[in-house]
Amino acid sequence: MTMTGLYANGFGGLLPTVTVGGGVNYDVGGFQLDTGYFPWNNANPTYTYKDQISKIVGGHNMYFGAYFVAAQKNEFNSPYIQGILDFSNTSTVTTGNAFADLMQGDIGSYSQVNQKVKYCNRYKILEPYFQDDWHVTSKLTLNLGVRLSLFGTYREKYYHAYNFDPAAYNVANAPQIDATGDITGQEGAIVPGSGDPYAGLVQCGKNGIPRGCLTGHLFNPAPRIGFAYDPFGDGKTAIRGGYGIFFEHTNGNEGNTEGLENSPPYVLNSTQYNISGYTNIGGGGLAFPLTPKSIPTAVRWPYVQQWNLNVQREIARATVLTVAYVGSKGTNLGLQVDINQLHPISAAQNPYAAGQPMTGGDCSSGTVNGVAPTGAAAVQFGVPCGGDANPYRQYLGYGTINTNQYVGNSSYNALQVSLRRHVGRLSFDLAYTWSHSLDDASDYGSSNFVDSYNLALSRASSDFDQRQILNIGYVYELPLFTRAGLIHTLLGGWEWSGLTTFQTGTPFSVNDDLYGSGVGNGSGTGARLDLVGDPNSVPPSLNNQPGVIGPLLFNPAAFTAPQGLTFGLSGRNVLNNPSRTNFDMGLFKNFAIKERMNVEFRAEAFNIFNHTQWSPLGGNNSTGNASTSCFGGSNFSAGDASCLANSNFLRPGGAHNPRILQFGLKFLF
């Protein structure tokens with residue numbers, strides 16, 4: 001097969017990555033063949049220096065020190081120079097079957113990067129600190145300190161970093177996009193000579209732009225305070241507490257020059273939509289809207305405040321109980337949004353009534369309830385029907401503009417209880433945590449949000465939140481044949497040990513995999529489903545479907561397709577993956593041969609009761625989300641009978657290991 005591209009780079013000698021959208025006739029979730037961007041090289045030489053001086057003056061133990069880092073990040077960009085072919089049964093050139101589109105070349109979209117290049121990023125950190133451990137009395141100790149985080153910004157050594165700065169963008173200089181193809185013959189192409197395709201792009205370190213493309217903030221004081229108090233002076237009770245602020249310099253690929261890798265004009269990345277035929281990619285040398293990167297123009301270092309208060313008591317000989325409250329608050333956390341997303345229409349502008357989803361018939365007719373949408377509603381209506389959002393974005397001439405903004409917040413509160421006993425024949429450890437973590441985004445690159453302009457919609461339990469975790473570990477020397485002698489050597493000396501774990505599941509979202517909201521959000525998720533019933537009540541009639549392995553863990557009939565052109569009502573992380581309870585045990589015995597020789601026998605059982613423990617719905621990725629593109633019945637239910645066969649929607653991605661037994665002999669000398 002002959003295929004053209006957007007750039008004449010030989011496709012890097014690789015086949016294009018292929019993504020095929022879902023279809024109930026072969027796979028509801030679709031499939032992908034990722035040919036990657038390898039070979040790839042990444043080197044991180046890091047030079048550190050630290051030193052500390054201590055001084056004791058009376059009851060003060062004082063420490064003075066500093067920590068210095070000079071770091072490098074030398075890496076190739078990770079470009080798909082072979083391109084990515086996407087086939088969707090909602091594009092304007094589809095046959096209605098995305099797999100058939102692949103066979104005959106009806107391409108929903110094709111994106112490609114022009115070249116592979118190497119970036120050399122640098123940064124420096126200096127953190128002087130002071131701490132005083134002050135023994136105020138025999139019962140009270142205070143810990144007082146401060147760390148000054150002097151953070152330098154990232155910078156690219158050879159000035160290869162370019163940033164899209166909204167303040168430098170002038171719409172009057174923007175190029176025109178051929179929305180219909182009437183001018184250039186290619187829908188979505190840039191009209192030649194109509195404007196500057198690089199409007200708003202600035203080169204870091206040139207023409208008055210800071211070297212790292214953002215102004216720094218050097219002075220970041222981080223105080224810490226703690227105390228330990230023995231209220232009775234008998235060494236059996238301790239009350240401890242502490243508070244501290246901790247700044248984060250951020251990782252590469254966040255809001256810094258490393259995050260600007262692959263940004264034009266040094267590296268070009270374009271997308272062409274709705275192509276009929278593999279040899280029609282590229283439109284005869286026409287250019288298509290670029291997808292630049294953007295970072296803030298002024299640094300905001302993320303920081304977390306942490307605090308704790310705990311009481312520890314020896315409740316019996318060698319038995320210690322600890323009860324603690326632990327909390328934290330994250331501020332200026334990094335998250336990624338698309339600043340070139342379409343602004344969503346209001347409820348008054350929406351042609352769809354509450355509870356009325358978008359359908360294929362609407363796209364075919366171009367109408368909603370027999371009336372063609374107009375204005376902003378017409379634009380948002382066209383995108384999920386396979387239209388191109390680029391001609392209508394606020395920064396004309398560009399597609400998606402991903403930016404890392406430091407506006408996220410998080411909170412964590414926990415009750416932590418531990419019990420430890422290490423005496424005699426029994427060693428016992430118990431740790432229990434009851435907690436809740438909330439945030440706007442759980443990772444700087446998370447796509448688990450729907451609207452770049454309203455992050456409040458994404459405020460929910462963190463993707464990694466686990467409300468309860470219980471761990472119990474023990475080792476017990478069995479009191480059998482304890483008297484020294486041959487019988488003890490042969491039959492005594494057994495140890496029984498075990499680890500019991502219980503943990504609740506992480507949360508996940510339930511997403512619409514069909515039309516989405518139509519806002520062209522290139523960083524996030526299209527839309528959630530509408531929640532209309534009890535997702536935890538699963539009718540037995542919905543199980544035992546052909547072509548499906550594993551039970552329904554939640555009720556798909558509790559979800560329906562979202563109201564057309566909306567983000568859905570179910571919200572982020574509305575369900576939790578299955579809890580897990582596991583028992584591991586072991587039986588050990590040492591056979592003493594001589595003083596320096598013995599043989600150890602080990603019998604170990606993992607998941608000893610062979611209890612089924614379901615994997616998260618996203619497979620082994622605990623932050624995976626559930627999605628479906630199938631809806632049926634008068635209410636467009638995801639639990640309609642037509643959608644259950646051959647569908648893994650709301651079913652586990654697998655199961656953890658069954659019971660495993662292992663035996664061993666070890667000769668020690």
# chains A, B, ... in the order shown; residues from 1 in each chain; ligands from 1

call {"tool": "residues_around", "arguments": {"residues": "stretch 228-233 of chain A", "least_positions_apart": "6", "cutoff": "6 Å", "atoms": "only C-alpha atoms", "output": "list of chain:residue names"}}
result
A:Lys139, A:Leu140, A:Thr141, A:Ile239, A:Arg240

call {"tool": "select_by_dssp", "arguments": {"residues": "stretch 501-638 of chain A", "states": "strand (DSSP E)", "output": "number ranges by chain"}}
result
A: 501-503, 507-508, 510-512, 530-531, 559-560, 575-576, 580-594, 597-606, 626-628

call {"tool": "residues_around", "arguments": {"residues": "A:Pro296", "least_positions_apart": "4", "cutoff": "8 Å", "atoms": "only C-alpha atoms", "output": "number ranges by chain"}}
result
A: 214, 255, 403-405

call {"tool": "closest_residue", "arguments": {"among": "A:Phe87, A:Tyr123, A:Phe246, A:Tyr352", "to": "A:Lys157", "atoms": "only C-alpha atoms"}}
result
A:Tyr123

call {"tool": "closest_residue", "arguments": {"among": "A:Val599, A:Ile209, A:Leu415, A:Ala638", "to": "A:Ala168", "atoms": "only C-alpha atoms"}}
result
A:Ile209

call {"tool": "residues_around", "arguments": {"residues": "stretch 172-189 of chain A", "least_positions_apart": "5", "cutoff": "6 Å", "atoms": "only C-alpha atoms", "output": "compact mmCIF listing (two decimals) with N, CA, C and O atoms, in the first residue's frame"}}
result
# COMPACT_ATOMS: atom_id res chain seq x y z
N SER A 194 -2.15 33.47 4.08
CA SER A 194 -3.21 34.20 4.77
C SER A 194 -2.79 34.75 6.12
O SER A 194 -3.52 35.51 6.74
N GLY A 195 -1.64 34.38 6.64
CA GLY A 195 -1.23 34.88 7.95
C GLY A 195 0.00 34.14 8.45
O GLY A 195 0.61 33.34 7.74
N ASP A 196 0.37 34.43 9.69
CA ASP A 196 1.57 33.84 10.30
C ASP A 196 1.19 32.56 11.03
O ASP A 196 0.50 32.61 12.06
N PRO A 197 1.65 31.39 10.56
CA PRO A 197 1.29 30.13 11.25
C PRO A 197 1.97 29.98 12.60
O PRO A 197 1.66 29.05 13.34
N ALA A 287 -0.30 23.15 4.42
CA ALA A 287 -0.01 23.11 5.85
C ALA A 287 -1.31 23.01 6.64
O ALA A 287 -2.37 23.47 6.18
N PHE A 288 -1.22 22.41 7.81
CA PHE A 288 -2.38 22.25 8.68
C PHE A 288 -2.06 22.84 10.05
O PHE A 288 -0.89 22.99 10.42
N PRO A 391 -11.10 25.58 13.08
CA PRO A 391 -11.46 26.91 12.53
C PRO A 391 -12.21 27.79 13.53
O PRO A 391 -12.40 28.99 13.25
N LEU A 396 -6.88 31.21 16.68
CA LEU A 396 -7.03 30.72 15.31
C LEU A 396 -5.66 30.40 14.71
O LEU A 396 -4.67 31.09 14.95
N GLY A 397 -5.64 29.36 13.92
CA GLY A 397 -4.40 28.92 13.29
C GLY A 397 -3.77 27.76 14.01
O GLY A 397 -2.81 27.16 13.49

call {"tool": "residues_around", "arguments": {"residues": "A:Tyr515", "least_positions_apart": "5", "cutoff": "12 Å", "atoms": "only C-alpha atoms", "output": "PyMOL selection string"}}
result
chain A and resi 21-22+88-91+357-360+362-363+380-387+520+525-529+561-568+627-631

call {"tool": "residues_around", "arguments": {"residues": "A:Ser541", "least_positions_apart": "3", "cutoff": "12 Å", "atoms": "only C-alpha atoms", "output": "list in words"}}
result
Ser537, Val538, Asn544, Gln545, Pro551, Leu552, Asn555, Pro556, Ala557, Gly639, Asp640, Ala641 and Leu644 of chain A
